[in-house]
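J.: You'll find protein.cif just under this line, and it carries mmCIF, C-alpha atoms.
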data_protein
#
loop_
_atom_site.label_atom_id
_atom_site.label_comp_id
_atom_site.auth_asym_id
_atom_site.auth_seq_id
_atom_site.Cartn_x
_atom_site.Cartn_y
_atom_site.Cartn_z
CA MET A 12 0.00 0.00 0.00
CA SER A 13 1.42 3.36 -1.00
CA LYS A 14 2.05 6.19 1.47
CA GLN A 15 0.07 9.43 1.32
CA SER A 16 3.27 11.17 0.26
CA GLU A 17 3.79 8.86 -2.75
CA TYR A 18 2.61 9.35 -6.31
CA LEU A 19 3.01 7.37 -9.51
CA PHE A 20 5.64 8.51 -12.01
CA THR A 21 5.83 6.59 -15.29
CA GLU A 22 9.02 5.90 -17.19
CA GLU A 23 7.79 7.98 -20.14
CA VAL A 24 7.29 11.02 -17.90
CA THR A 25 10.67 10.34 -16.32
CA LYS A 26 12.25 10.55 -19.78
CA ILE A 27 10.52 13.87 -20.46
CA VAL A 28 11.92 15.34 -17.24
CA GLU A 29 15.40 13.95 -17.90
CA GLN A 30 15.52 15.32 -21.44
CA ALA A 31 14.36 18.77 -20.32
CA ASP A 32 17.70 19.35 -18.52
CA LEU A 33 16.08 21.25 -15.64
CA ASP A 34 17.75 22.82 -12.65
CA LEU A 35 16.65 21.88 -9.12
CA ASP A 36 13.93 24.54 -8.92
CA GLY A 37 12.51 23.39 -12.26
CA ILE A 38 12.44 19.74 -11.20
CA ARG A 39 10.90 20.60 -7.83
CA LEU A 40 8.15 22.53 -9.58
CA VAL A 41 7.28 19.53 -11.78
CA HIS A 42 7.08 17.19 -8.80
CA GLY A 43 5.27 19.72 -6.63
CA CYS A 44 2.57 20.31 -9.25
CA HIS A 45 2.27 16.61 -10.15
CA TYR A 46 1.90 15.64 -6.51
CA TYR A 47 -0.62 18.43 -5.88
CA VAL A 48 -2.95 17.07 -8.58
CA ASP A 49 -2.38 13.43 -7.63
CA SER A 50 -3.07 14.00 -3.92
CA ARG A 51 -6.49 15.60 -4.40
CA ALA A 52 -9.48 13.38 -5.09
CA GLU A 53 -11.32 16.14 -6.97
CA LEU A 54 -8.46 16.61 -9.46
CA LYS A 55 -7.27 14.37 -12.29
CA LEU A 56 -4.26 14.80 -14.56
CA GLY A 57 -6.47 13.86 -17.49
CA ILE A 58 -8.40 17.14 -17.38
CA MET A 59 -5.28 18.92 -18.65
CA ALA A 60 -5.13 16.88 -21.86
CA LYS A 61 -7.21 17.42 -24.98
CA PRO A 62 -10.06 18.07 -25.40
CA MET A 63 -10.66 19.69 -21.98
CA GLN A 64 -7.25 21.30 -21.41
CA LYS A 65 -8.22 22.75 -18.05
CA SER A 66 -5.72 24.52 -15.82
CA VAL A 67 -5.36 24.13 -12.05
CA THR A 68 -4.91 26.96 -9.58
CA ALA A 69 -3.07 26.15 -6.36
CA ARG A 70 -1.72 28.15 -3.47
CA CYS A 71 2.02 28.65 -3.89
CA ARG A 72 2.43 27.62 -0.26
CA ALA A 73 1.04 24.15 -1.07
CA ILE A 74 3.42 23.68 -4.01
CA LEU A 75 6.38 24.88 -1.94
CA SER A 76 5.48 22.54 0.90
CA ALA A 77 5.25 19.55 -1.44
CA SER A 78 8.42 20.28 -3.37
CA GLY A 79 10.77 20.84 -0.49
CA ALA A 80 11.57 24.54 -0.76
CA PRO A 81 13.40 25.90 2.31
CA GLY A 82 10.56 28.20 3.44
CA ALA A 83 6.80 27.97 2.87
CA LYS A 84 6.59 31.70 2.10
CA ASP A 85 9.69 31.90 -0.07
CA TYR A 86 8.38 32.31 -3.62
CA ASP A 87 11.85 32.60 -5.17
CA MET A 88 11.77 28.88 -5.98
CA ILE A 89 8.44 29.28 -7.77
CA ASP A 90 9.73 32.18 -9.87
CA ALA A 91 13.02 30.42 -10.65
CA GLY A 92 11.14 27.26 -11.58
CA ILE A 93 8.81 29.17 -13.91
CA ALA A 94 11.80 30.78 -15.64
CA CYS A 95 13.51 27.40 -15.97
CA HIS A 96 10.49 25.95 -17.77
CA ALA A 97 10.46 28.50 -20.61
CA ASN A 98 10.33 26.50 -23.87
CA LYS A 99 10.67 23.14 -22.06
CA ARG A 100 7.26 21.82 -23.23
CA ILE A 101 6.36 20.26 -19.88
CA PHE A 102 3.80 22.93 -19.02
CA ASP A 103 1.41 24.64 -21.44
CA GLU A 104 0.56 27.20 -18.76
CA LEU A 105 2.63 28.17 -15.74
CA LYS A 106 2.28 31.54 -14.05
CA ARG A 107 1.72 33.21 -10.73
CA SER A 108 -1.52 35.10 -10.08
CA SER A 109 -1.66 38.88 -9.90
CA CYS A 110 -1.80 38.64 -6.10
CA GLY A 111 1.33 36.50 -6.21
CA ARG A 112 0.09 33.89 -3.76
CA LYS A 113 -1.34 31.40 -6.26
CA LEU A 114 0.08 29.39 -9.14
CA LYS A 115 -1.91 28.55 -12.27
CA PHE A 116 -0.57 25.59 -14.23
CA ARG A 117 -1.46 23.07 -16.90
CA PHE A 118 0.79 20.21 -17.94
CA SER A 119 1.24 19.75 -21.68
CA ASP A 120 -0.92 17.22 -23.52
CA ALA A 121 2.18 15.09 -24.18
CA TYR A 122 3.18 15.09 -20.51
CA VAL A 123 -0.30 14.11 -19.34
CA ARG A 124 -0.67 11.28 -21.82
CA CYS A 125 2.73 9.90 -20.81
CA ALA A 126 1.79 10.22 -17.14
CA LEU A 127 -1.43 8.21 -17.40
CA ARG A 128 -1.21 4.41 -17.30
CA SER A 129 -3.95 2.43 -19.03
CA LYS A 130 -4.74 -1.17 -18.17
CA LYS A 131 -3.23 -2.44 -21.41
CA GLU A 132 0.02 -0.67 -20.52
CA SER A 133 0.16 -2.08 -16.98
CA THR A 134 3.52 -3.75 -17.64
CA ASP A 135 5.22 -0.41 -18.35
CA LYS A 136 7.84 0.71 -15.85
CA PHE A 137 6.92 3.24 -13.18
CA ALA A 138 8.16 4.52 -9.85
CA MET A 139 6.22 5.38 -6.70
CA ILE A 140 7.93 8.67 -5.94
CA ASP A 141 7.88 9.91 -2.35
CA VAL A 142 7.47 13.70 -2.12
CA ASP A 143 9.02 13.58 1.36
CA VAL A 144 12.20 12.17 -0.19
CA ILE A 145 12.20 14.75 -3.00
CA ALA A 146 12.09 17.44 -0.32
CA ARG A 147 15.40 16.17 1.09
CA LEU A 148 17.32 16.15 -2.20
CA ARG A 149 19.60 19.02 -3.12
CA SER A 150 20.57 18.69 -6.78
CA PRO A 151 19.02 17.64 -10.12
CA CYS A 152 21.31 14.59 -10.18
CA HIS A 153 19.97 13.50 -6.78
CA VAL A 154 16.36 13.63 -8.02
CA LEU A 155 17.06 11.93 -11.36
CA PHE A 156 19.11 9.14 -9.74
CA TYR A 157 16.45 8.63 -7.05
CA THR A 158 13.70 8.32 -9.65
CA ARG A 159 15.56 5.70 -11.71
CA ALA A 160 16.71 3.74 -8.65
CA THR A 161 13.17 3.65 -7.26
CA MET A 162 11.82 2.52 -10.62
CA ALA A 163 14.33 -0.33 -10.96
CA GLN A 164 14.59 -1.59 -7.37
CA GLY A 165 11.72 -4.08 -7.60
CA SER A 166 13.45 -6.25 -10.21
CA LYS A 167 15.27 -9.47 -9.35
CA HIS A 168 18.41 -8.13 -10.99
CA PRO A 169 17.78 -4.38 -10.66
CA MET A 170 19.74 -2.08 -12.91
CA PHE A 171 19.27 1.10 -14.89
CA GLU A 172 21.11 3.42 -17.24
CA LEU A 173 22.41 6.59 -15.66
CA PRO A 174 20.30 9.51 -16.99
CA TRP A 175 23.28 11.31 -18.49
CA ILE A 176 23.97 12.11 -22.14
CA PRO A 177 27.65 12.66 -23.01
CA THR A 178 28.63 15.85 -24.82
CA GLU A 179 31.96 17.50 -25.56
CA SER A 180 31.43 19.82 -22.60
CA LYS A 181 30.11 17.06 -20.30
CA PRO A 182 32.19 13.90 -20.77
CA TRP A 183 32.07 11.26 -18.04
CA SER A 184 35.27 12.60 -16.49
CA ALA A 185 33.57 15.99 -15.95
CA VAL A 186 30.35 14.67 -14.41
CA LYS A 187 31.57 11.51 -12.64
CA ARG A 188 31.98 13.13 -9.22
CA ARG A 189 28.53 14.72 -9.47
CA TRP A 190 26.81 11.40 -10.23
CA LEU A 191 28.79 9.49 -7.61
CA GLY A 192 27.65 12.11 -5.10
CA ALA A 193 24.06 11.45 -6.15
CA ALA A 194 24.59 7.69 -5.78
CA GLU A 195 26.05 8.22 -2.31
CA ARG A 196 23.04 10.28 -1.23
CA ILE A 197 20.44 7.86 -2.59
CA SER A 198 22.34 4.87 -1.23
CA THR A 199 21.70 6.10 2.31
CA LEU A 200 18.07 7.06 1.63
CA LEU A 201 17.01 3.82 -0.05
CA ASP A 202 19.40 1.46 1.76
CA HIS A 203 20.96 0.39 -1.54
CA ASP A 204 24.50 -0.31 -2.64
CA TYR A 205 25.49 0.34 -6.26
CA VAL A 206 27.96 -0.87 -8.87
CA LEU A 207 28.54 1.71 -11.60
CA GLU A 208 30.05 0.34 -14.80
CA PRO A 209 30.97 2.88 -17.51
CA MET A 210 30.48 1.49 -21.03
CA VAL A 211 33.02 2.55 -23.65
CA ASP A 212 32.26 3.17 -27.34
CA SER A 213 34.68 1.03 -29.35
CA LEU A 214 34.79 3.65 -32.14
CA THR A 215 35.59 6.69 -30.02
CA ASP A 216 37.09 5.02 -26.92
CA GLU A 217 34.90 7.33 -24.82
CA VAL A 218 32.32 6.50 -22.14
CA PHE A 219 28.90 6.85 -23.76
CA TRP A 220 26.66 5.42 -21.03
CA VAL A 221 26.91 4.10 -17.48
CA LYS A 222 25.24 0.93 -16.22
CA VAL A 223 24.10 1.08 -12.58
CA LYS A 224 23.41 -2.18 -10.76
CA ILE A 225 21.46 -2.05 -7.50
CA VAL A 226 22.38 -4.35 -4.63
CA LYS A 227 19.79 -4.64 -1.87
CA LYS A 228 20.04 -6.41 1.50
CA VAL A 229 18.72 -9.60 -0.06
CA SER A 230 20.76 -9.82 -3.25
CA GLY A 231 19.49 -11.64 -6.32
CA TRP A 232 22.83 -11.34 -8.10
CA LYS A 233 24.71 -14.52 -8.99
CA PRO A 234 28.51 -14.95 -9.08
CA GLN A 235 30.09 -13.36 -12.19
CA LYS A 236 26.93 -11.34 -12.89
CA LEU A 237 27.35 -8.34 -10.60
CA PHE A 238 30.92 -7.36 -11.48
CA PRO A 239 32.27 -7.50 -15.06
CA ARG A 240 35.16 -9.80 -15.98
CA ASP A 241 37.12 -6.79 -17.14
CA ALA A 242 36.43 -3.14 -17.81
CA GLU A 243 37.86 -0.59 -20.21
CA HIS A 244 37.05 2.17 -17.73
CA SER A 245 37.15 2.24 -13.93
CA VAL A 246 34.22 0.54 -12.20
CA CYS A 247 32.93 2.23 -9.04
CA THR A 248 31.00 0.94 -6.05
CA VAL A 249 28.84 2.88 -3.62
CA VAL A 250 28.46 1.06 -0.31
CA SER A 251 26.55 2.52 2.64
CA GLY A 252 26.81 5.98 1.11
CA LYS A 253 30.55 5.88 0.28
CA ALA A 254 31.90 5.73 -3.28
CA THR A 255 35.06 3.82 -4.24
CA THR A 256 36.81 3.56 -7.62
CA LEU A 257 38.12 0.01 -8.04
CA THR A 258 41.55 -0.90 -9.31
CA ARG A 259 41.83 -3.71 -11.88
CA GLN A 260 43.09 -6.01 -9.13
CA GLN A 261 40.12 -5.19 -6.90
CA LEU A 262 37.76 -5.79 -9.82
CA ARG A 263 39.27 -9.25 -10.46
CA GLU A 264 38.96 -10.09 -6.77
CA ARG A 265 35.24 -9.31 -6.91
CA ARG A 266 34.44 -11.42 -9.97
CA ASP A 267 32.45 -13.98 -7.96
CA TRP A 268 30.95 -11.56 -5.45
CA THR A 269 27.18 -11.26 -5.21
CA ARG A 270 27.26 -8.08 -3.13
CA ALA A 271 28.96 -4.75 -3.66
CA ASP A 272 30.87 -4.90 -0.37
CA ARG A 273 31.54 -8.60 0.25
CA ARG A 274 30.86 -12.07 -1.08
#
Can you turn what I pasted into structure tokens?
T.:
Amino acid sequence: MSKQSEYLFTEEVTKIVEQADLDLDGIRLVHGCHYYVDSRAELKLGIMAKPMQKSVTARCRAILSASGAPGAKDYDMIDAGIACHANKRIFDELKRSSCGRKLKFRFSDAYVRCALRSKKESTDKFAMIDVDVIARLRSPCHVLFYTRATMAQGSKHPMFELPWIPTESKPWSAVKRRWLGAAERISTLLDHDYVLEPMVDSLTDEVFWVKVKIVKKVSGWKPQKLFPRDAEHSVCTVVSGKATTLTRQQLRERRDWTRADRR
């Protein structure tokens, strides 16, 4: 049974948020508005889609409370979030009222349709996001990692692809510390350990995606399945909130391990 602070977030909506490249205020605003609609019996996300396309008006204080802003009367986060969403196509309407105390918003038709799960799509991936956890996170990487880890954790062999797209200005070497910090934070919140395995493009010899394997208290991983035989780029573990970059010798020693910290 889900908690009152939880709400359903589909993988398709997760992709929309990841691709929007939002800052923390922008991400908080998405989750705050989504949770606001989901937590009220009289509201449905579907009213924002065609043909109705109705907007919702909420007190800014309620959105701030849900999204984890430092102060319930601090509207700076709302204003920064609105500015962040310019041309992002997540909201069709997003503005504060003339009195300044209320927020009028409407998710885009595409966002709403991706957010709704029909019975025939019941096998699609989703995460039960906890707004209380979102409130404790302090960077976009934290929120994105948390969402993917929550979505994958129910699998027997849980893993996911790090929501990072390499560019010339953001190669793995430039963002590695940031993502390991996110993994450390979420490790303590969800009681997970992680194995992060960078995958190298054989044509460019550059890391082009990172595989993240989740290790829970009761591990479903078999020997030689958790750690790779060899790696072209350094494999990292995050155990009890602490990240470690493994040497080749350490990686070989762990070949038959079924946990991130011990056999």
J.: Between CA of Thr255 in chain A and CA of Arg273 in chain A, what is the spacing in Å?
T.: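 Straight-line distance from CA of Arg273 in chain A to CA of Thr255 in chain A works out to 13.7 Å.
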J.: Would you mind listing what lies within 12 Å of range 49-60 of chain A as a ChimeraX atom specification, with all atoms listed in the file counted and same-chain residues fewer than 6 positions away left out?
T.: /A:13-20,42-43,66-69,73-74,77,101-104,116-129,139-142
J.: For the PyMOL selection byres ((chain A and resi 106-113) around 9), applied here, can you spell out every residue it catches as a PyMOL selection string?
T.: chain A and resi 68-72+86+89-90+93+104-105+114-116
J.: Tell me which of A:Asp267, A:Glu208, A:Asp135, A:Asp202 sits closest to Val250 in chain A, counting all atoms listed in the file.
T.: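 Selected residue with least distance to Val250 in chain A: A:Asp202.
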J.: Would you list the contacts of range 143-150 of chain A as an MDAnalysis selection string, taking every protein, DNA or RNA residue within 12 Å and counting all atoms listed in the file, but skipping same-chain residues closer than 2 positions in sequence?
T.: chainID A and resid 14:18 33:43 46 74:82 139:141 152:158 161 189:190 192:197 199:201
J.: List every protein, DNA or RNA residue that has an atom no more than 7 Å from (21.1, -0.9, -6.0) in the file's coordinate frame, counting only C-alpha atoms, and report them as a ChimeraX atom specification.
T.: /A:160,164,169,203-205,224-227
J.: Point out the residue among A:Val218, A:Arg270, A:Gln64, A:Ala242 with the least atom-to-atom distance to Ser184 in chain A, counting only C-alpha atoms.
T.: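 Comparing A:Val218, A:Arg270, A:Gln64, A:Ala242 against Ser184 in chain A, the winner is A:Val218.
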J.: Please enumerate the residues selected by the PyMOL selection byres ((chain A and resi 233) around 12) when evaluated against the supplied file, formatted as a list in words.
T.: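 This file gives the following for the PyMOL selection byres ((chain A and resi 233) around 12): Lys167, His168, Val226, Val229, Ser230, Gly231, Trp232, Pro234, Gln235, Lys236, Leu237, Phe238, Pro239, Arg265, Arg266, Asp267, Trp268, Thr269, Arg270, Ala271 and Arg274 of chain A.
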J.: Can you measure CA of Lys99 in chain A to CA of Lys222 in chain A for me? One decimal in Å is fine.
T.: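 Going from CA of Lys99 in chain A over to CA of Lys222 in chain A covers 27.2 Å.
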J.: For the atom pair CA of Arg100 in chain A and CA of Lys26 in chain A, what is the interatomic distance in Å to one decimal place?
T.: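 The value is 12.8 Å.
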J.: Since I can't run it myself right now, could you work out what the PyMOL selection byres ((chain A and resi 137) around 6) selects here and report it as a ChimeraX atom specification?
T.: /A:20-22,136,138,162
